[in-house]
Amino acid sequence: MHEQTPDTPPAPSVPPAPTLFDWEFATDPYPAYAWLREHSPVHRAQLPSGVEAWLVTRYADARQALADQRLSKNPAHHAEPAHAKGKTGIPGERKAELMTHLLNIDPPDHTRLRRLVSKAFTPRRVAEFTPRVQELTDHLIDQFAGKGEADLIHEFAFPLPIYAICEMLGVPREDQDDFRDWAGMMIRHGGGPRGGVARSVKRMRTYLGELIHRKRDDLGNDLISDLIRASDHGDHLTEAEATAMAFILLFAGFETTVNLIGNGVHSLFMNPDQRSLLQDSLAAGETALLETGIEELLRYDGPVELATWRFATRPLTLGGQDIAVGDPVLVVLAAADRDPARFADPDALDLSRSDNQHLGYGHGIHYCLGAPLARLEGQTALATLLKRLPDLELAVPPTDLRWRGGLIMRGLRTLPVRFTVPNA
């Protein structure tokens with residue numbers, strides 16, 4: 001047996017792999033993602049549902065995976081038995097016949113549907129909606145401004161995008177509270193009654209189908225009417241396609257914005273120097289820091305932790321790891337957006353960061369169609385809160401905050417705040 005001489009460096013020890021997807025991880029997943037980036041950048045993990053998938057954590061690999069056409073969005077390519085496929089998408093969407101939306105299909109069907117939907121969901125429509133988003137924002141703040149305290153998730157971040165997308169879709173005012181209830185069930189994940197998400201999905205699908213059927217005879221100036229009108233060389237969305245598209249615009253649009261606002265305010269609380277810079281900028285009537293700041297908040301602690309499911313249709317190598325046909329692949333946007341190989345000082349919040357090609361809204365042909373609306377809502381919400389309630393502060397110790405369970409999204413359950421009641 002040979003003794004180690006003093007000048008022989010000891011073999012580097014690799015710390016044990018972190019535990020993933022428990023409550024401690026949900027509170028702060030970034031140290032675990034840093035370990036994966038360094039030691040196992042394409043990592044085979046068992047998810048809470050029991051499904052095994054590859055987690056992609058480095059920025060370069062993530063961009064490759066998001067644009068790689070060998071990775072299909074269609075759950076039919078999942079190698080596991082059919083009974084497990086319901087664990088890889090939105091609960092209840094299969095039974096509700098809502099599978100034909102942009103998150104579940106590939107070219108050429110994806111190309112056709114995205115082209116048709118893009119004719120309705122235009123940047124011009126979003127820009128025209130700006131004053132209404134401001135009105136909704138002010139109205140919601142008015143509801144709690146006189147109390148000196150609020151839960152910013154349930155009283156502000158959650159209702160704002162729900163009412164906004166309902167109005168944009170053309171859901172009548174008298175029905176919007178139903179949508180608020182259904183959506184509330186959908187973001188509880190495991191926190192609500194068993195089967196509650198699937199029931200809410202079914203109710204929403206039934207309602208949207210009936211609304212689309214009615215609007216065919218009475219088209220208006222709204223997104224659903226434009227989906228019905230949309231055509232390309234004589235090609236139209238079928239009623240089932242229009243229903244699925246309206247559903248996914250609502251489902252994918254509201255929770256990302258809830259989390260963008262909630263996570264964004266939380267990040268500003270945890271980084272008071274950056275918050276002060278932003279408030280000073282807004283007080284001076286400037287918008288540049290708000291615009292770069294919303295991108296930095298998307299990168300730093302964004303609303304979408306993992307991109308939605310992909311399935312290998314051919315063997316491929318990703319980050320030096322061989323991926324077999326049928327294997328699920330999940331791109332960890334939260335890990336890629338903190339990759340020091342791409343971002344300088346990635347664990348620091350820098351609202352003025354200019355070189356910021358984050359992946360918060362994806363990359364490639366599945367880049368989020370609703371990103372302009374989410375940015376508008378996020379910018380409006382943060383700017384209005386900071387201007388109207390300048391001494392807004394967290395009302396509980398940060399360690400008391402709890403993050404919602406769930407695989408794809410990252411968001412707070414509640415965000416209790418207090419502030420000085422503004423002068424009437």
# chains A, B, ... in the order shown; residues from 1 in each chain; ligands from 1

$ residues_around --residues "stretch 66-71 of chain A" --least-positions-apart "2" --cutoff "9 Å" --atoms "only C-alpha atoms" --output "mmCIF file with all heavy atoms, in the first residue's frame"
data_model
loop_
_atom_site.group_PDB
_atom_site.id
_atom_site.type_symbol
_atom_site.label_atom_id
_atom_site.label_comp_id
_atom_site.auth_asym_id
_atom_site.auth_seq_id
_atom_site.Cartn_x
_atom_site.Cartn_y
_atom_site.Cartn_z
ATOM 1 N N ASP A 61 -26.420 23.794 -24.894
ATOM 2 C CA ASP A 61 -27.200 22.578 -25.124
ATOM 3 C C ASP A 61 -28.698 22.894 -25.164
ATOM 4 O O ASP A 61 -29.447 22.308 -25.951
ATOM 5 C CB ASP A 61 -26.942 21.552 -24.025
ATOM 6 C CG ASP A 61 -25.492 21.082 -23.981
ATOM 7 O OD1 ASP A 61 -24.824 21.128 -25.040
ATOM 8 O OD2 ASP A 61 -25.040 20.680 -22.893
ATOM 9 N N ALA A 62 -29.104 23.814 -24.301
ATOM 10 C CA ALA A 62 -30.523 24.181 -24.248
ATOM 11 C C ALA A 62 -30.973 24.810 -25.564
ATOM 12 O O ALA A 62 -32.023 24.458 -26.109
ATOM 13 C CB ALA A 62 -30.766 25.140 -23.091
ATOM 14 N N ARG A 63 -30.177 25.732 -26.088
ATOM 15 C CA ARG A 63 -30.546 26.356 -27.374
ATOM 16 C C ARG A 63 -30.594 25.318 -28.480
ATOM 17 O O ARG A 63 -31.486 25.349 -29.345
ATOM 18 C CB ARG A 63 -29.533 27.456 -27.735
ATOM 19 C CG ARG A 63 -29.913 28.814 -27.188
ATOM 20 C CD ARG A 63 -28.898 29.875 -27.590
ATOM 21 N NE ARG A 63 -28.886 30.132 -29.016
ATOM 22 C CZ ARG A 63 -29.543 31.137 -29.607
ATOM 23 N NH1 ARG A 63 -30.294 31.946 -28.877
ATOM 24 N NH2 ARG A 63 -29.452 31.340 -30.896
ATOM 25 N N GLN A 64 -29.651 24.381 -28.460
ATOM 26 C CA GLN A 64 -29.661 23.324 -29.475
ATOM 27 C C GLN A 64 -30.935 22.493 -29.363
ATOM 28 O O GLN A 64 -31.619 22.230 -30.366
ATOM 29 C CB GLN A 64 -28.452 22.406 -29.319
ATOM 30 C CG GLN A 64 -28.465 21.219 -30.298
ATOM 31 C CD GLN A 64 -27.435 20.156 -29.957
ATOM 32 O OE1 GLN A 64 -26.409 20.440 -29.348
ATOM 33 N NE2 GLN A 64 -27.711 18.911 -30.336
ATOM 34 N N LYS A 73 -42.581 17.677 -30.291
ATOM 35 C CA LYS A 73 -43.496 18.134 -29.255
ATOM 36 C C LYS A 73 -44.700 17.210 -29.102
ATOM 37 O O LYS A 73 -45.492 17.372 -28.177
ATOM 38 C CB LYS A 73 -43.984 19.548 -29.584
ATOM 39 C CG LYS A 73 -42.892 20.602 -29.636
ATOM 40 C CD LYS A 73 -42.331 20.884 -28.265
ATOM 41 C CE LYS A 73 -43.353 21.597 -27.409
ATOM 42 N NZ LYS A 73 -42.924 21.732 -26.000
ATOM 43 N N ASP A 106 -45.890 19.376 -34.361
ATOM 44 C CA ASP A 106 -44.648 19.644 -35.088
ATOM 45 C C ASP A 106 -44.990 20.126 -36.502
ATOM 46 O O ASP A 106 -46.126 20.002 -36.960
ATOM 47 C CB ASP A 106 -43.816 18.361 -35.201
ATOM 48 C CG ASP A 106 -43.539 17.712 -33.852
ATOM 49 O OD1 ASP A 106 -43.155 18.440 -32.927
ATOM 50 O OD2 ASP A 106 -43.723 16.480 -33.727
ATOM 51 N N PRO A 107 -43.975 20.661 -37.226
ATOM 52 C CA PRO A 107 -44.186 20.944 -38.646
ATOM 53 C C PRO A 107 -44.552 19.658 -39.385
ATOM 54 O O PRO A 107 -44.102 18.573 -38.988
ATOM 55 C CB PRO A 107 -42.826 21.490 -39.098
ATOM 56 C CG PRO A 107 -42.178 22.002 -37.840
ATOM 57 C CD PRO A 107 -42.644 21.062 -36.760
ATOM 58 N N ALA A 307 -38.861 24.142 -19.984
ATOM 59 C CA ALA A 307 -39.653 24.194 -21.204
ATOM 60 C C ALA A 307 -40.556 22.966 -21.269
ATOM 61 O O ALA A 307 -40.276 21.933 -20.645
ATOM 62 C CB ALA A 307 -38.739 24.250 -22.429
ATOM 63 N N ARG A 310 -40.483 17.513 -24.737
ATOM 64 C CA ARG A 310 -40.019 17.108 -26.057
ATOM 65 C C ARG A 310 -39.676 15.629 -26.015
ATOM 66 O O ARG A 310 -39.289 15.113 -24.959
ATOM 67 C CB ARG A 310 -38.791 17.929 -26.484
ATOM 68 C CG ARG A 310 -39.138 19.349 -26.900
ATOM 69 C CD ARG A 310 -37.918 20.256 -26.942
ATOM 70 N NE ARG A 310 -38.230 21.502 -27.621
ATOM 71 C CZ ARG A 310 -38.900 22.523 -27.065
ATOM 72 N NH1 ARG A 310 -39.319 22.419 -25.814
ATOM 73 N NH2 ARG A 310 -39.149 23.616 -27.758
ATOM 74 N N PHE A 311 -39.786 14.945 -27.181
ATOM 75 C CA PHE A 311 -39.557 13.504 -27.252
ATOM 76 C C PHE A 311 -38.681 13.198 -28.474
ATOM 77 O O PHE A 311 -38.964 13.690 -29.580
ATOM 78 C CB PHE A 311 -40.888 12.747 -27.359
ATOM 79 C CG PHE A 311 -41.867 13.117 -26.277
ATOM 80 C CD1 PHE A 311 -42.806 14.124 -26.480
ATOM 81 C CD2 PHE A 311 -41.826 12.494 -25.043
ATOM 82 C CE1 PHE A 311 -43.697 14.483 -25.488
ATOM 83 C CE2 PHE A 311 -42.706 12.851 -24.030
ATOM 84 C CZ PHE A 311 -43.648 13.851 -24.249
ATOM 85 N N ALA A 312 -37.640 12.422 -28.249
ATOM 86 C CA ALA A 312 -36.702 12.114 -29.337
ATOM 87 C C ALA A 312 -37.364 11.213 -30.379
ATOM 88 O O ALA A 312 -37.893 10.146 -30.038
ATOM 89 C CB ALA A 312 -35.452 11.449 -28.774
ATOM 90 N N THR A 313 -37.320 11.633 -31.632
ATOM 91 C CA THR A 313 -37.844 10.801 -32.726
ATOM 92 C C THR A 313 -36.732 10.044 -33.436
ATOM 93 O O THR A 313 -37.005 9.118 -34.203
ATOM 94 C CB THR A 313 -38.587 11.663 -33.757
ATOM 95 O OG1 THR A 313 -37.681 12.652 -34.282
ATOM 96 C CG2 THR A 313 -39.776 12.362 -33.118
ATOM 97 N N ARG A 314 -35.493 10.449 -33.183
ATOM 98 C CA ARG A 314 -34.318 9.756 -33.726
ATOM 99 C C ARG A 314 -33.241 9.768 -32.651
ATOM 100 O O ARG A 314 -33.246 10.646 -31.781
ATOM 101 C CB ARG A 314 -33.807 10.462 -34.983
ATOM 102 C CG ARG A 314 -34.659 10.218 -36.227
ATOM 103 C CD ARG A 314 -34.026 10.920 -37.431
ATOM 104 N NE ARG A 314 -34.350 12.344 -37.447
ATOM 105 C CZ ARG A 314 -33.694 13.249 -38.174
ATOM 106 N NH1 ARG A 314 -32.657 12.885 -38.911
ATOM 107 N NH2 ARG A 314 -34.058 14.510 -38.170
ATOM 108 N N PRO A 315 -32.296 8.843 -32.707
ATOM 109 C CA PRO A 315 -31.191 8.913 -31.748
ATOM 110 C C PRO A 315 -30.415 10.212 -31.934
ATOM 111 O O PRO A 315 -30.223 10.669 -33.065
ATOM 112 C CB PRO A 315 -30.333 7.692 -32.097
ATOM 113 C CG PRO A 315 -31.205 6.802 -32.904
ATOM 114 C CD PRO A 315 -32.165 7.687 -33.623
ATOM 115 N N LEU A 316 -29.985 10.825 -30.845
ATOM 116 C CA LEU A 316 -29.175 12.035 -30.946
ATOM 117 C C LEU A 316 -28.262 12.124 -29.743
ATOM 118 O O LEU A 316 -28.475 11.452 -28.726
ATOM 119 C CB LEU A 316 -30.055 13.284 -31.051
ATOM 120 C CG LEU A 316 -30.851 13.724 -29.817
ATOM 121 C CD1 LEU A 316 -30.962 15.251 -29.801
ATOM 122 C CD2 LEU A 316 -32.255 13.125 -29.842
ATOM 123 N N PRO A 328 -38.088 11.246 -23.212
ATOM 124 C CA PRO A 328 -38.496 12.633 -22.967
ATOM 125 C C PRO A 328 -37.283 13.504 -22.633
ATOM 126 O O PRO A 328 -36.351 13.059 -21.960
ATOM 127 C CB PRO A 328 -39.426 12.532 -21.757
ATOM 128 C CG PRO A 328 -39.689 11.084 -21.554
ATOM 129 C CD PRO A 328 -38.514 10.357 -22.130
ATOM 130 N N VAL A 329 -37.315 14.734 -23.118
ATOM 131 C CA VAL A 329 -36.252 15.711 -22.865
ATOM 132 C C VAL A 329 -36.897 16.988 -22.345
ATOM 133 O O VAL A 329 -37.828 17.516 -22.951
ATOM 134 C CB VAL A 329 -35.452 16.014 -24.147
ATOM 135 C CG1 VAL A 329 -34.454 17.146 -23.905
ATOM 136 C CG2 VAL A 329 -34.732 14.755 -24.633
ATOM 137 N N VAL A 331 -35.876 20.831 -21.232
ATOM 138 C CA VAL A 331 -34.861 21.876 -21.204
ATOM 139 C C VAL A 331 -35.110 22.748 -19.982
ATOM 140 O O VAL A 331 -36.188 23.331 -19.822
ATOM 141 C CB VAL A 331 -34.918 22.724 -22.487
ATOM 142 C CG1 VAL A 331 -33.902 23.858 -22.418
ATOM 143 C CG2 VAL A 331 -34.667 21.843 -23.708
ATOM 144 N N GLY A 362 -38.361 30.720 -24.497
ATOM 145 C CA GLY A 362 -38.040 29.685 -25.466
ATOM 146 C C GLY A 362 -37.117 30.182 -26.571
ATOM 147 O O GLY A 362 -36.498 31.248 -26.482
ATOM 148 N N HIS A 363 -37.064 29.376 -27.635
ATOM 149 C CA HIS A 363 -36.160 29.635 -28.760
ATOM 150 C C HIS A 363 -36.617 28.752 -29.904
ATOM 151 O O HIS A 363 -37.130 27.648 -29.698
ATOM 152 C CB HIS A 363 -34.717 29.309 -28.356
ATOM 153 C CG HIS A 363 -33.741 29.337 -29.490
ATOM 154 N ND1 HIS A 363 -33.419 30.494 -30.159
ATOM 155 C CD2 HIS A 363 -33.022 28.344 -30.079
ATOM 156 C CE1 HIS A 363 -32.534 30.212 -31.114
ATOM 157 N NE2 HIS A 363 -32.294 28.910 -31.084
ATOM 158 N N GLY A 364 -36.464 29.236 -31.117
ATOM 159 C CA GLY A 364 -36.821 28.421 -32.275
ATOM 160 C C GLY A 364 -38.290 28.564 -32.634
ATOM 161 O O GLY A 364 -38.960 29.536 -32.262
ATOM 162 N N ILE A 365 -38.832 27.570 -33.341
ATOM 163 C CA ILE A 365 -40.186 27.693 -33.874
ATOM 164 C C ILE A 365 -41.252 27.702 -32.780
ATOM 165 O O ILE A 365 -42.386 28.134 -33.018
ATOM 166 C CB ILE A 365 -40.500 26.575 -34.895
ATOM 167 C CG1 ILE A 365 -40.468 25.187 -34.221
ATOM 168 C CG2 ILE A 365 -39.550 26.626 -36.073
ATOM 169 C CD1 ILE A 365 -40.999 24.083 -35.117
ATOM 170 N N HIS A 366 -40.906 27.237 -31.580
ATOM 171 C CA HIS A 366 -41.877 27.225 -30.487
ATOM 172 C C HIS A 366 -41.692 28.421 -29.554
ATOM 173 O O HIS A 366 -42.231 28.413 -28.440
ATOM 174 C CB HIS A 366 -41.778 25.923 -29.703
ATOM 175 C CG HIS A 366 -42.272 24.736 -30.469
ATOM 176 N ND1 HIS A 366 -43.605 24.477 -30.666
ATOM 177 C CD2 HIS A 366 -41.602 23.752 -31.118
ATOM 178 C CE1 HIS A 366 -43.744 23.377 -31.385
ATOM 179 N NE2 HIS A 366 -42.546 22.919 -31.667
ATOM 180 N N TYR A 367 -40.975 29.448 -30.003
ATOM 181 C CA TYR A 367 -40.838 30.667 -29.197
ATOM 182 C C TYR A 367 -42.232 31.170 -28.840
ATOM 183 O O TYR A 367 -43.144 31.179 -29.673
ATOM 184 C CB TYR A 367 -40.061 31.730 -29.965
ATOM 185 C CG TYR A 367 -39.816 32.993 -29.177
ATOM 186 C CD1 TYR A 367 -38.755 33.081 -28.287
ATOM 187 C CD2 TYR A 367 -40.661 34.096 -29.300
ATOM 188 C CE1 TYR A 367 -38.532 34.225 -27.546
ATOM 189 C CE2 TYR A 367 -40.454 35.253 -28.565
ATOM 190 C CZ TYR A 367 -39.380 35.304 -27.687
ATOM 191 O OH TYR A 367 -39.172 36.449 -26.947
#

$ select_by_dssp --residues "stretch 151-333 of chain A" --states "helix (DSSP H, G or I)" --output "compact mmCIF listing (two decimals) with C-alpha atoms, in the first residue's frame"
# COMPACT_ATOMS: atom_id res chain seq x y z
CA LEU A 152 -49.93 40.48 -4.47
CA ILE A 153 -50.45 37.05 -6.02
CA HIS A 154 -54.17 36.61 -5.41
CA GLU A 155 -55.18 40.27 -5.48
CA PHE A 156 -52.99 41.49 -8.33
CA ALA A 157 -50.62 39.20 -10.24
CA PRO A 159 -56.36 38.49 -11.80
CA LEU A 160 -54.52 40.91 -14.09
CA PRO A 161 -53.54 38.45 -16.85
CA ILE A 162 -56.80 36.49 -16.49
CA TYR A 163 -58.97 39.53 -17.10
CA ALA A 164 -56.62 40.81 -19.79
CA ILE A 165 -56.60 37.61 -21.86
CA CYS A 166 -60.35 37.14 -21.35
CA GLU A 167 -60.99 40.61 -22.76
CA MET A 168 -58.59 40.04 -25.62
CA LEU A 169 -60.24 36.71 -26.47
CA ARG A 173 -67.56 40.35 -18.72
CA GLU A 174 -70.28 38.35 -16.95
CA ASP A 175 -68.38 35.10 -17.65
CA GLN A 176 -64.88 36.25 -16.70
CA ASP A 177 -65.17 35.33 -13.02
CA ASP A 178 -65.86 31.72 -14.09
CA PHE A 179 -62.55 31.80 -15.95
CA ARG A 180 -60.87 33.21 -12.87
CA ASP A 181 -62.18 30.26 -10.81
CA TRP A 182 -61.13 27.67 -13.41
CA ALA A 183 -57.70 29.24 -13.81
CA GLY A 184 -57.26 29.38 -10.03
CA MET A 185 -57.76 25.63 -9.87
CA MET A 186 -55.27 25.10 -12.69
CA ILE A 187 -52.40 26.93 -10.98
CA ARG A 188 -52.88 25.14 -7.66
CA HIS A 189 -51.39 21.99 -9.19
CA GLY A 190 -51.44 19.46 -6.34
CA GLY A 191 -52.93 21.91 -3.85
CA GLY A 196 -59.74 19.50 -10.02
CA VAL A 197 -57.39 20.61 -12.78
CA ALA A 198 -58.82 18.14 -15.29
CA ARG A 199 -62.37 19.22 -14.42
CA SER A 200 -61.45 22.88 -14.88
CA VAL A 201 -59.83 22.10 -18.23
CA LYS A 202 -62.98 20.29 -19.35
CA ARG A 203 -65.25 23.16 -18.26
CA MET A 204 -63.04 25.70 -19.98
CA ARG A 205 -62.97 23.64 -23.17
CA THR A 206 -66.78 23.28 -23.17
CA TYR A 207 -67.25 26.99 -22.63
CA LEU A 208 -64.75 28.02 -25.32
CA GLY A 209 -66.29 25.61 -27.83
CA GLU A 210 -69.73 27.11 -27.24
CA LEU A 211 -68.36 30.67 -27.39
CA ILE A 212 -66.60 30.02 -30.70
CA HIS A 213 -69.78 28.46 -32.10
CA ARG A 214 -71.77 31.58 -31.12
CA LYS A 215 -69.18 33.99 -32.47
CA LEU A 223 -59.05 37.49 -30.72
CA ILE A 224 -61.51 34.59 -31.01
CA SER A 225 -63.30 36.35 -33.86
CA ASP A 226 -59.93 36.91 -35.55
CA LEU A 227 -59.06 33.23 -35.08
CA ILE A 228 -62.29 32.36 -36.87
CA ARG A 229 -61.56 34.87 -39.65
CA GLU A 239 -63.64 24.62 -34.71
CA ALA A 240 -61.63 22.08 -32.70
CA GLU A 241 -58.36 23.82 -33.65
CA ALA A 242 -59.74 27.25 -32.77
CA THR A 243 -60.95 25.93 -29.41
CA ALA A 244 -57.59 24.34 -28.62
CA MET A 245 -55.77 27.52 -29.66
CA ALA A 246 -58.00 29.78 -27.55
CA PHE A 247 -57.44 27.39 -24.61
CA ILE A 248 -53.66 27.33 -24.89
CA LEU A 249 -53.43 31.11 -25.37
CA LEU A 250 -55.29 31.47 -22.10
CA PHE A 251 -53.59 28.62 -20.24
CA ALA A 252 -50.04 29.39 -21.37
CA GLY A 253 -50.56 33.13 -21.15
CA PHE A 254 -51.95 33.69 -17.71
CA GLU A 255 -49.70 31.61 -15.44
CA THR A 256 -46.49 32.84 -17.02
CA THR A 257 -47.57 36.42 -16.33
CA VAL A 258 -48.70 35.63 -12.78
CA ASN A 259 -45.21 34.30 -12.11
CA LEU A 260 -43.42 37.06 -14.01
CA ILE A 261 -45.07 39.68 -11.78
CA GLY A 262 -44.78 37.70 -8.54
CA ASN A 263 -41.20 36.51 -9.09
CA GLY A 264 -40.25 39.95 -10.38
CA VAL A 265 -41.50 41.79 -7.30
CA HIS A 266 -39.87 39.17 -5.06
CA SER A 267 -36.53 39.59 -6.88
CA LEU A 268 -36.71 43.35 -6.40
CA PHE A 269 -37.41 42.88 -2.68
CA MET A 270 -34.35 40.64 -2.43
CA PRO A 272 -33.07 46.55 -2.90
CA ASP A 273 -30.24 48.37 -4.71
CA GLN A 274 -31.66 47.32 -8.08
CA ARG A 275 -35.16 48.24 -6.99
CA SER A 276 -33.98 51.73 -6.01
CA LEU A 277 -32.36 52.21 -9.38
CA LEU A 278 -35.58 51.22 -11.12
CA GLN A 279 -37.76 53.44 -8.95
CA ASP A 280 -35.46 56.42 -9.53
CA SER A 281 -35.57 55.75 -13.26
CA LEU A 282 -39.38 55.54 -13.30
CA ALA A 283 -39.68 58.70 -11.18
CA ALA A 288 -35.05 52.18 -20.70
CA LEU A 289 -34.25 50.49 -17.37
CA LEU A 290 -37.79 49.09 -17.15
CA GLU A 291 -37.40 47.54 -20.61
CA THR A 292 -34.01 45.94 -19.93
CA GLY A 293 -35.14 45.16 -16.39
CA ILE A 294 -38.09 43.01 -17.41
CA GLU A 295 -35.73 40.92 -19.57
CA GLU A 296 -33.34 40.54 -16.65
CA LEU A 297 -36.15 39.46 -14.34
CA LEU A 298 -37.15 36.87 -16.95
CA ARG A 299 -33.56 35.59 -16.97
CA TYR A 300 -32.84 35.81 -13.26
CA ASP A 301 -35.90 34.05 -11.81
CA LEU A 333 -34.59 27.26 -18.83

$ residues_around --residues "A:Arg388" --least-positions-apart "4" --cutoff "10 Å" --atoms "only C-alpha atoms" --output "MDAnalysis selection string"
chainID A and resid 138 141:142 145 383:384 392 421:422

$ residues_around --residues "A:Asp347" --least-positions-apart "3" --cutoff "12 Å" --atoms "only C-alpha atoms" --output "number ranges by chain"
A: 30-31, 33-34, 267, 271, 296-297, 299-301, 334-340, 342-344, 350

$ write_last_selection --atoms "N, CA and C atoms" --output "CSV table (one decimal), in the first residue's frame"
chain,number,residue,atom,x,y,z
A,30,TYR,N,-31.6,26.9,-7.7
A,30,TYR,CA,-30.4,27.3,-8.5
A,30,TYR,C,-29.1,26.6,-8.1
A,31,PRO,N,-28.9,26.4,-6.8
A,31,PRO,CA,-27.7,25.6,-6.4
A,31,PRO,C,-27.7,24.2,-7.0
A,33,TYR,N,-29.2,23.3,-9.8
A,33,TYR,CA,-28.9,23.5,-11.2
A,33,TYR,C,-27.5,23.8,-11.5
A,34,ALA,N,-26.8,24.5,-10.6
A,34,ALA,CA,-25.4,24.8,-10.8
A,34,ALA,C,-24.6,23.5,-10.7
A,267,SER,N,-37.9,39.3,-6.6
A,267,SER,CA,-36.5,39.6,-6.9
A,267,SER,C,-36.1,41.0,-6.5
A,271,ASN,N,-33.3,42.4,-3.8
A,271,ASN,CA,-32.2,43.1,-4.4
A,271,ASN,C,-32.6,44.6,-4.3
A,296,GLU,N,-34.2,41.1,-17.7
A,296,GLU,CA,-33.3,40.5,-16.7
A,296,GLU,C,-34.1,39.7,-15.6
A,297,LEU,N,-35.3,40.2,-15.3
A,297,LEU,CA,-36.2,39.5,-14.3
A,297,LEU,C,-36.6,38.1,-15.0
A,299,ARG,N,-34.8,36.4,-17.0
A,299,ARG,CA,-33.6,35.6,-17.0
A,299,ARG,C,-33.3,35.1,-15.6
A,300,TYR,N,-33.3,36.0,-14.6
A,300,TYR,CA,-32.8,35.8,-13.3
A,300,TYR,C,-33.7,34.8,-12.5
A,301,ASP,N,-35.0,35.0,-12.5
A,301,ASP,CA,-35.9,34.0,-11.8
A,301,ASP,C,-37.2,34.1,-12.6
A,334,ALA,N,-34.4,27.7,-16.4
A,334,ALA,CA,-33.8,28.4,-15.3
A,334,ALA,C,-32.4,28.1,-15.1
A,335,ALA,N,-31.9,26.9,-15.4
A,335,ALA,CA,-30.5,26.6,-15.3
A,335,ALA,C,-29.7,27.2,-16.5
A,336,ALA,N,-30.2,27.1,-17.7
A,336,ALA,CA,-29.5,27.7,-18.8
A,336,ALA,C,-29.3,29.2,-18.7
A,337,ASP,N,-30.3,29.8,-18.1
A,337,ASP,CA,-30.3,31.3,-18.0
A,337,ASP,C,-29.4,31.8,-16.8
A,338,ARG,N,-28.8,30.8,-16.1
A,338,ARG,CA,-27.8,31.2,-15.1
A,338,ARG,C,-26.5,30.5,-15.4
A,339,ASP,N,-26.2,30.2,-16.7
A,339,ASP,CA,-25.0,29.5,-17.1
A,339,ASP,C,-23.9,30.5,-17.2
A,340,PRO,N,-22.8,30.4,-16.4
A,340,PRO,CA,-21.7,31.4,-16.4
A,340,PRO,C,-21.0,31.3,-17.7
A,342,ARG,N,-22.4,31.7,-20.5
A,342,ARG,CA,-23.1,32.6,-21.4
A,342,ARG,C,-23.3,33.9,-20.7
A,343,PHE,N,-23.5,34.0,-19.4
A,343,PHE,CA,-23.9,35.3,-18.8
A,343,PHE,C,-22.8,35.6,-17.7
A,344,ALA,N,-22.3,36.8,-17.8
A,344,ALA,CA,-21.4,37.3,-16.8
A,344,ALA,C,-22.1,37.5,-15.4
A,350,ASP,N,-29.0,42.2,-12.5
A,350,ASP,CA,-28.5,43.5,-13.1
A,350,ASP,C,-29.5,44.0,-14.1

$ closest_residue --among "A:Thr399, A:Asn104, A:Thr122, A:Ser354" --to "A:Glu24" --atoms "only C-alpha atoms"
A:Thr399

$ select_by_dssp --residues "stretch 118-328 of chain A" --states "strand (DSSP E or B)" --output "PyMOL selection string"
chain A and resi 149-151+231-232+235-236+304+310-312+316-318+321-323+328

$ residues_around --residues "A:Glu393" --least-positions-apart "6" --cutoff "8 Å" --atoms "only C-alpha atoms" --output "list of chain:residue names"
A:Phe269, A:Val417, A:Arg418, A:Phe419

$ atom_distance --atom1 "atom CA of A:Ala79" --atom2 "atom CA of A:Phe21"
22.8 Å

$ residues_around --residues "A:Pro416" --least-positions-apart "5" --cutoff "7 Å" --atoms "only C-alpha atoms" --output "number ranges by chain"
A: 150-152, 394-396

$ write_last_selection --atoms "C-alpha atoms" --output "PDB file, in the first residue's frame"
ATOM      1  CA  ALA A 150     -52.341  42.844   0.203  1.00  0.00           C
ATOM      2  CA  ASP A 151     -51.451  39.450  -1.161  1.00  0.00           C
ATOM      3  CA  LEU A 152     -49.927  40.475  -4.466  1.00  0.00           C
ATOM      4  CA  LEU A 394     -42.580  42.204   2.103  1.00  0.00           C
ATOM      5  CA  ALA A 395     -44.915  41.669   5.068  1.00  0.00           C
ATOM      6  CA  VAL A 396     -43.408  38.352   6.216  1.00  0.00           C
TER       7      VAL A 396
END

$ atom_distance --atom1 "atom CA of A:Glu377" --atom2 "atom CA of A:Val133"
6.6 Å

$ atom_distance --atom1 "atom CA of A:Arg124" --atom2 "atom CA of A:His110"
22.5 Å

$ closest_residue --among "A:Arg375, A:Pro41, A:Asn221, A:Val325" --to "A:Tyr361" --atoms "only C-alpha atoms"
A:Arg375
